[in-house]
Every structure is written in C-alpha cells, then in structure tokens.
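Visitor: run.cif is reproduced in full below (mmCIF, C-alpha atoms).
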```cif
data_structure
#
loop_
_atom_site.label_atom_id
_atom_site.label_comp_id
_atom_site.auth_asym_id
_atom_site.auth_seq_id
_atom_site.Cartn_x
_atom_site.Cartn_y
_atom_site.Cartn_z
CA MET A 1 -218.33 4.90 0.45
CA SER A 2 -218.61 4.76 -3.34
CA THR A 3 -216.30 6.76 -5.62
CA TRP A 4 -218.86 9.33 -6.75
CA LYS A 5 -219.97 10.00 -3.18
CA ARG A 6 -216.36 10.52 -2.10
CA ASP A 7 -215.71 12.87 -5.04
CA PHE A 8 -218.90 14.81 -4.35
CA ALA A 9 -218.01 15.17 -0.66
CA SER A 10 -214.47 16.31 -1.52
CA GLY A 11 -215.80 18.91 -3.95
CA LEU A 12 -218.37 20.10 -1.42
CA ILE A 13 -215.69 20.48 1.26
CA VAL A 14 -213.68 22.70 -1.11
CA LEU A 15 -216.50 24.80 -2.58
CA ALA A 16 -218.82 25.29 0.41
CA PRO A 17 -216.35 27.33 2.53
CA LEU A 18 -215.47 29.45 -0.51
CA LEU A 19 -219.13 30.19 -1.21
CA VAL A 20 -219.75 31.11 2.42
CA LEU A 21 -216.69 33.38 2.39
CA LEU A 22 -217.85 35.10 -0.80
CA LEU A 23 -221.32 35.67 0.64
CA VAL A 24 -219.85 37.19 3.81
CA LEU A 25 -217.51 39.45 1.82
CA ARG A 26 -220.38 40.49 -0.45
CA TRP A 27 -222.54 41.39 2.56
CA ILE A 28 -219.69 43.39 4.15
CA TYR A 29 -219.04 45.18 0.85
CA GLN A 30 -222.69 46.13 0.38
CA TYR A 31 -223.03 47.22 3.99
CA ILE A 32 -219.96 49.47 3.91
CA ALA A 33 -220.89 50.91 0.51
CA SER A 34 -224.33 51.90 1.81
CA ILE A 35 -223.15 53.81 4.91
CA PRO A 36 -224.62 57.34 4.60
CA LEU A 37 -221.71 58.97 6.41
CA ILE A 38 -219.26 57.89 3.71
CA GLU A 39 -221.27 59.67 1.05
CA GLY A 40 -220.21 63.04 2.44
CA LEU A 41 -216.54 62.11 1.95
CA GLN A 42 -217.08 60.89 -1.60
CA PRO A 43 -215.21 63.05 -4.18
CA GLU A 44 -217.41 64.36 -6.97
CA VAL A 45 -214.86 63.41 -9.63
CA ILE A 46 -215.43 59.69 -9.05
CA PRO A 47 -217.46 58.13 -11.92
CA ALA A 48 -220.81 56.65 -11.00
CA PRO A 49 -219.83 52.99 -11.70
CA LEU A 50 -216.86 53.31 -9.32
CA GLU A 51 -218.75 54.98 -6.47
CA PRO A 52 -219.39 51.73 -4.47
CA VAL A 53 -215.70 50.78 -4.69
CA SER A 54 -214.67 54.29 -3.71
CA ARG A 55 -216.98 54.22 -0.70
CA VAL A 56 -215.42 50.97 0.53
CA VAL A 57 -211.90 52.36 0.15
CA ILE A 58 -212.86 55.55 2.00
CA ALA A 59 -214.57 53.55 4.76
CA PHE A 60 -211.47 51.39 5.34
CA ALA A 61 -209.24 54.48 5.31
CA VAL A 62 -211.42 56.22 7.90
CA PHE A 63 -211.58 53.07 10.03
CA ALA A 64 -207.79 52.60 9.92
CA THR A 65 -207.28 56.26 10.88
CA VAL A 66 -209.67 55.98 13.83
CA VAL A 67 -208.02 52.75 15.03
CA LEU A 68 -204.55 54.30 14.90
CA ALA A 69 -205.77 57.42 16.70
CA VAL A 70 -207.43 55.40 19.46
CA GLY A 71 -204.36 53.16 19.77
CA TYR A 72 -202.12 56.18 20.18
CA PHE A 73 -204.54 57.63 22.74
CA MET A 74 -204.49 54.36 24.73
CA ARG A 75 -200.72 54.74 25.19
CA THR A 76 -201.30 57.81 27.37
CA THR A 77 -202.37 57.86 31.00
CA LEU A 78 -205.66 59.52 30.11
CA GLY A 79 -206.35 56.78 27.57
CA ARG A 80 -205.78 54.00 30.11
CA LEU A 81 -208.10 55.76 32.54
CA ALA A 82 -210.74 56.09 29.83
CA GLU A 83 -210.46 52.39 28.95
CA SER A 84 -210.81 51.42 32.61
CA ALA A 85 -213.88 53.63 32.94
CA VAL A 86 -215.48 52.06 29.85
CA ASP A 87 -214.76 48.54 31.13
CA ASP A 88 -216.23 49.28 34.54
CA THR A 89 -219.35 50.84 33.01
CA ILE A 90 -220.06 47.95 30.62
CA ASN A 91 -219.30 45.29 33.23
CA ARG A 92 -222.17 46.66 35.31
CA ILE A 93 -224.65 45.74 32.57
CA PRO A 94 -225.45 42.01 32.92
CA ALA A 95 -226.29 41.25 29.29
CA LEU A 96 -223.73 43.39 27.49
CA ARG A 97 -220.72 42.55 29.64
CA VAL A 98 -220.67 38.93 28.44
CA VAL A 99 -220.57 39.95 24.77
CA TYR A 100 -218.12 42.79 25.45
CA ASN A 101 -215.64 40.69 27.42
CA ALA A 102 -215.84 37.75 25.00
CA SER A 103 -215.26 40.01 22.00
CA LYS A 104 -212.39 41.80 23.71
CA LEU A 105 -210.74 38.52 24.69
CA ALA A 106 -211.13 37.14 21.16
CA ILE A 107 -209.53 40.24 19.59
CA GLU A 108 -206.67 40.23 22.10
CA THR A 109 -206.07 36.53 21.46
CA ALA A 110 -206.12 36.90 17.68
CA ILE A 111 -203.88 39.97 17.52
CA SER A 112 -201.46 39.67 20.42
CA GLY A 113 -201.45 35.93 21.00
CA THR A 114 -198.24 34.19 22.04
CA ASP A 115 -196.45 31.32 20.32
CA GLU A 116 -197.80 28.91 22.93
CA LEU A 117 -201.35 29.94 22.05
CA GLN A 118 -200.76 28.89 18.44
CA SER A 119 -199.82 25.29 19.18
CA PRO A 120 -202.26 22.41 19.53
CA VAL A 121 -201.24 19.66 21.93
CA TYR A 122 -202.25 16.12 22.80
CA ILE A 123 -203.31 15.10 26.28
CA GLU A 124 -204.05 11.58 27.47
CA THR A 125 -207.51 11.79 28.99
CA TRP A 126 -207.82 8.03 29.61
CA PRO A 127 -205.15 5.31 29.42
CA GLY A 128 -204.30 4.82 25.74
CA ILE A 129 -206.68 7.58 24.57
CA ARG A 130 -205.50 11.07 23.67
CA MET A 131 -207.43 14.20 22.68
CA THR A 132 -206.52 17.46 20.98
CA ALA A 133 -206.42 20.67 23.02
CA PHE A 134 -205.01 24.15 22.46
CA ARG A 135 -202.76 26.24 24.68
CA THR A 136 -204.21 29.45 26.06
CA GLY A 137 -200.86 30.89 27.13
CA LYS A 138 -202.00 30.92 30.76
CA LYS A 139 -200.82 29.08 33.86
CA THR A 140 -202.40 28.50 37.25
CA ARG A 141 -200.77 29.51 40.50
CA ASP A 142 -199.58 25.95 41.11
CA GLY A 143 -197.88 25.74 37.70
CA LYS A 144 -200.48 23.83 35.67
CA ILE A 145 -201.02 24.67 32.00
CA VAL A 146 -204.45 26.01 31.06
CA LEU A 147 -205.75 24.39 27.87
CA PHE A 148 -208.93 24.70 25.83
CA MET A 149 -210.35 21.45 24.48
CA PRO A 150 -212.99 22.18 21.81
CA THR A 151 -215.75 19.76 20.94
CA ALA A 152 -216.16 18.35 17.44
CA PRO A 153 -217.44 19.57 15.08
CA ASN A 154 -218.73 22.62 17.01
CA ILE A 155 -215.60 24.36 18.29
CA THR A 156 -217.57 27.18 19.95
CA THR A 157 -218.08 24.87 22.93
CA GLY A 158 -215.56 22.86 24.86
CA PHE A 159 -213.73 22.50 28.16
CA VAL A 160 -211.13 24.62 29.94
CA ILE A 161 -208.76 22.18 31.62
CA GLU A 162 -205.67 22.53 33.79
CA VAL A 163 -202.96 19.94 33.12
CA GLU A 164 -199.53 19.19 34.50
CA PRO A 165 -196.82 20.23 31.96
CA GLU A 166 -195.35 16.70 31.76
CA ARG A 167 -198.70 15.29 30.61
CA ILE A 168 -198.76 17.49 27.51
CA GLU A 169 -197.49 16.08 24.19
CA GLU A 170 -196.71 18.46 21.33
CA THR A 171 -198.40 17.67 18.00
CA GLY A 172 -196.02 19.58 15.72
CA GLU A 173 -199.06 21.03 13.92
CA THR A 174 -200.31 24.53 13.30
CA VAL A 175 -203.56 25.88 14.70
CA GLU A 176 -205.19 25.53 11.26
CA GLU A 177 -204.28 21.84 11.03
CA GLY A 178 -205.48 21.09 14.55
CA MET A 179 -208.73 23.00 14.04
CA THR A 180 -209.29 21.28 10.69
CA ARG A 181 -209.11 17.90 12.36
CA VAL A 182 -211.55 18.95 15.08
CA LEU A 183 -213.96 20.70 12.69
CA SER A 184 -214.03 17.71 10.35
CA ALA A 185 -214.72 15.34 13.27
CA GLY A 186 -211.44 13.57 12.53
CA PHE A 187 -212.07 12.85 8.85
CA ALA A 188 -209.67 15.44 7.41
CA GLU A 189 -206.03 14.67 6.72
CA SER A 190 -203.15 17.02 7.50
CA ALA A 191 -199.54 17.20 6.42
CA HIS A 192 -198.38 15.62 9.70
CA GLN A 193 -200.81 12.71 9.63
CA VAL A 194 -200.58 9.36 7.92
CA PRO A 195 -203.40 9.16 5.34
CA VAL A 196 -206.30 7.19 6.74
CA HIS A 197 -207.62 4.44 4.48
CA GLU A 198 -211.02 2.85 4.73
CA GLU A 199 -211.00 -0.33 6.75
CA ASN A 200 -211.67 -3.55 4.86
CA PRO A 201 -214.25 -5.61 6.74
CA GLY A 202 -212.45 -8.79 5.60
CA GLU A 203 -209.15 -7.83 7.23
CA GLY A 204 -207.87 -7.49 10.77
CA ASP A 205 -208.67 -9.16 14.03
CA GLY A 206 -212.36 -8.30 13.84
CA ALA A 207 -212.99 -10.02 10.47
CA ASP A 208 -216.03 -12.22 10.05
CA THR A 209 -215.36 -15.90 9.41
CA ALA A 210 -217.51 -18.73 8.25
CA ASP A 211 -217.60 -20.16 11.76
CA GLY A 212 -218.17 -16.96 13.68
CA PHE A 213 -217.25 -13.33 14.22
CA GLY A 214 -213.54 -12.55 14.62
CA HIS A 215 -211.94 -15.12 16.92
CA VAL A 216 -215.22 -16.19 18.52
CA ARG A 217 -217.13 -18.98 16.83
CA THR A 218 -220.89 -18.99 16.59
CA ASP A 219 -221.07 -22.01 18.88
CA GLY A 220 -219.67 -19.87 21.71
CA THR A 221 -216.18 -21.39 21.84
CA PRO A 222 -213.05 -19.36 21.03
CA GLY A 223 -211.17 -20.05 17.82
CA ASP A 224 -208.48 -18.53 15.57
CA GLY A 225 -210.40 -18.44 12.35
CA ASP A 226 -211.01 -21.09 9.71
CA GLY A 227 -207.79 -22.96 10.39
CA SER A 228 -208.37 -23.51 14.10
CA ALA A 229 -212.00 -24.31 13.50
CA ALA A 230 -211.12 -26.86 10.82
CA GLU A 231 -208.48 -28.35 13.11
CA GLY A 232 -211.04 -28.63 15.87
CA ARG A 233 -213.52 -30.37 13.58
CA GLY A 234 -210.79 -32.76 12.37
CA SER A 235 -209.86 -33.71 15.91
CA ALA A 236 -213.48 -34.25 16.79
CA SER A 237 -214.00 -36.48 13.74
CA SER A 238 -210.93 -38.62 14.46
CA GLY A 239 -212.00 -38.97 18.08
CA SER A 240 -215.48 -40.14 17.14
CA GLY A 241 -214.01 -42.53 14.54
CA GLU A 242 -211.94 -44.26 17.18
#
```
As structure tokens, how would this structure be written, given the file I've shared?
Guide:
Amino acid sequence: MSTWKRDFASGLIVLAPLLVLLLVLRWIYQYIASIPLIEGLQPEVIPAPLEPVSRVVIAFAVFATVVLAVGYFMRTTLGRLAESAVDDTINRIPALRVVYNASKLAIETAISGTDELQSPVYIETWPGIRMTAFRTGKKTRDGKIVLFMPTAPNITTGFVIEVEPERIEETGETVEEGMTRVLSAGFAESAHQVPVHEENPGEGDGADTADGFGHVRTDGTPGDGDGSAAEGRGSASSGSGE
C-alpha cells in the first residue's frame, strides 16, 4: 500500500467514528429537545436561545428521577412481582419477546457485568490456530466456560461455545482492545501487540527466485534458492564435460 493511501486510511479510521458519534448525539439532542411533554416543565425565565439546551437538561433530570424511582420500587416485594408480571406478559408475544429479552440482557451485561465478562481470551480452535473470544461470566453444569466468539468485522453475529477452562489462554487485553482487533479484521494494532509490518515479497521462505517459486524450481525439482540451483547446474555441467 502506498504512503498516501495508508495516510488516508488512517485519517478515515480516526474521523469516521467521530463523525458518526456526532451525528448520533445531534439526533438524540434534537429528539429530546422536541419532546412536547418537556415544554410544560420549561421555566418561562429561560431565554429563547437557551430553550433547546434547557429542554435537554430537564429531560435528563426527569429520566434520572424516573430511573431512580423505578429502581427503588424494584427493591420491594411488590416491585419484583410487577417485574415478573411484565416479563411473563411480554414473553407471550412472539415478536416483541426477542427484542425485549435481548435488550434486557444487553443492559444487564453492560451495567452489572463481572470482571470475567470484561476479559477477551484466546482459544485454540485447530492445532496451531487460535481465535479471540469473550467471557460471558457463565458456566455449564459440567464446569465448562461459556464464551462468545464474534465474527469479523460484524460483531453482532458469532458463536456461543463451551470450552474446558484449561484450554483458555488469557490475552491480557481489555474489551476495547479485543473488540478493536475483531472489528478491524485484524488490521488494528493494540498496546499488547507487536506492530505488524508489511511483508516484503522478496523475503522469507516463500520468496520468488529466478529458478522458481520459494524452494520449488520451475522444472519441478526441489531446491534451496539460487545457490542450490547454481550448484546443481555446476554439477550437471561437470558431469557432462567428463
């Protein structure tokens, strides 16, 4: 890859996520500021230019108050019964129960996840080949560790696997570093990785030679490069001279 292409790709990797984040925040800001219910709570002393900002602040304050109130209610027996009733009702609806359960599991994982959940690991799927997976904090009845192995670069799909504890190798990375490697399809570098340099086609065991490709000559006979090929030609010439 040429220098300008590498620089352009590096700049795009930095700016594109920031632009997407700004667009999402802008949409959330405009959506919250346009909620009609918040307008009734808007103080009349707020200047007109500051009304959108005031609406967002009021909306977050109301949301935080409702969350705290519901959380306190869930600590009571009546709250647990109400939650169970809501779960049972939604789980009877085929389409909504998938979205509801997935959203609930994602929130529980993000907020009350364990230390094991926030640790990517390596597992050897085939001899000499390892892949990155993430702990779920769960175990099977027979003591196997439940892992999630996302696909690259789309981490919304993957495999749920059950592995023996001794087959798991810790990476020493954070979730962000492990996810970055998966999302980038292995091209990103992390603080725990040796920087990957581009391979020179003229180096290594697979280098092309004048007499063939790697250690196999074009005439179909094995060789060790130019030296072995030249030695072979010299022996052949001396033999024919005799």
Visitor: Of the candidates A:Thr151, A:Thr132, A:Thr77, A:Asn101, which shows the shortest atom-to-atom distance to Pro120 (chain A), using only C-alpha atoms?
Guide: A:Thr132
Visitor: Selection in question (the file shown): the PyMOL selection byres ((chain A and resi 174) around 10). Which residues does it include, as an MDAnalysis selection string?
Guide: chainID A and resid 118:121 171:173 175:180 190 192
Visitor: Mind pulling up the distance from CA of Arg26 (chain A) to CA of Ala9 (chain A)?
Guide: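 Calculated distance between CA of Ala9 (chain A) and CA of Arg26 (chain A) is 25.4 Å.
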Visitor: Please provide the set of residues having any atom within 8 Å of Tyr122 (chain A), restricted to all atoms listed in the file, with same-chain residues fewer than 5 positions apart removed, written as a list in words.
Guide: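 Contacts, in chain order: Arg130, Met131, Thr132, Ala133, Ile168, Glu169, Glu170 and Thr171 of chain A.
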Visitor: Give me a file of those residues, with C-alpha atoms, as a PDB file, in the coordinates of the input.
Guide:
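Saved as part32.pdb:
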```
ATOM      1  CA  ARG A 130    -205.500  11.070  23.670  1.00  0.00           C
ATOM      2  CA  MET A 131    -207.430  14.200  22.680  1.00  0.00           C
ATOM      3  CA  THR A 132    -206.520  17.460  20.980  1.00  0.00           C
ATOM      4  CA  ALA A 133    -206.420  20.670  23.020  1.00  0.00           C
ATOM      5  CA  ILE A 168    -198.760  17.490  27.510  1.00  0.00           C
ATOM      6  CA  GLU A 169    -197.490  16.080  24.190  1.00  0.00           C
ATOM      7  CA  GLU A 170    -196.710  18.460  21.330  1.00  0.00           C
ATOM      8  CA  THR A 171    -198.400  17.670  18.000  1.00  0.00           C
TER       9      THR A 171
END
```
Visitor: From the options A:Val182, A:Ile28, A:Ile58, A:Leu147, which residue's atoms come nearest to Gln42 (chain A), counting only C-alpha atoms?
Guide: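 Looking at the shortest contact to Gln42 (chain A), the residue is A:Ile58.
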Visitor: Specify as an mmCIF file with C-alpha atoms, keeping the file's coordinate frame each residue included when the PyMOL selection byres ((chain A and resi 56) around 9) is applied to this file.
Guide:
```
data_model
loop_
_atom_site.group_PDB
_atom_site.id
_atom_site.type_symbol
_atom_site.label_atom_id
_atom_site.label_comp_id
_atom_site.auth_asym_id
_atom_site.auth_seq_id
_atom_site.Cartn_x
_atom_site.Cartn_y
_atom_site.Cartn_z
ATOM 1 C CA TYR A 29 -219.040 45.180 0.850
ATOM 2 C CA GLN A 30 -222.690 46.130 0.380
ATOM 3 C CA ILE A 32 -219.960 49.470 3.910
ATOM 4 C CA ALA A 33 -220.890 50.910 0.510
ATOM 5 C CA ILE A 38 -219.260 57.890 3.710
ATOM 6 C CA GLU A 51 -218.750 54.980 -6.470
ATOM 7 C CA PRO A 52 -219.390 51.730 -4.470
ATOM 8 C CA VAL A 53 -215.700 50.780 -4.690
ATOM 9 C CA SER A 54 -214.670 54.290 -3.710
ATOM 10 C CA ARG A 55 -216.980 54.220 -0.700
ATOM 11 C CA VAL A 57 -211.900 52.360 0.150
ATOM 12 C CA ILE A 58 -212.860 55.550 2.000
ATOM 13 C CA ALA A 59 -214.570 53.550 4.760
ATOM 14 C CA PHE A 60 -211.470 51.390 5.340
ATOM 15 C CA ALA A 61 -209.240 54.480 5.310
#
```
Visitor: Report the distance between CA of Ser84 (chain A) and CA of Phe63 (chain A) in Å, rounded to one decimal place.
Guide: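 For CA of Ser84 (chain A) relative to CA of Phe63 (chain A), the distance reads 22.7 Å.
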Visitor: Quote the spacing between CA of Gly128 (chain A) and CA of Phe159 (chain A) in Å to one decimal place.
Guide: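 Separation of CA of Gly128 (chain A) and CA of Phe159 (chain A): 20.2 Å.
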Visitor: Around all of region 132-149 of chain A's listed atoms, make the axis-aligned box with 6 Å on each side and tell me centre and edge lengths in Å to one decimal, as AutoDock Vina command-line options.
Guide:
```
--center_x -204.1 --center_y 24.2 --center_z 31.0 --size_x 24.5 --size_y 25.5 --size_z 32.1
```
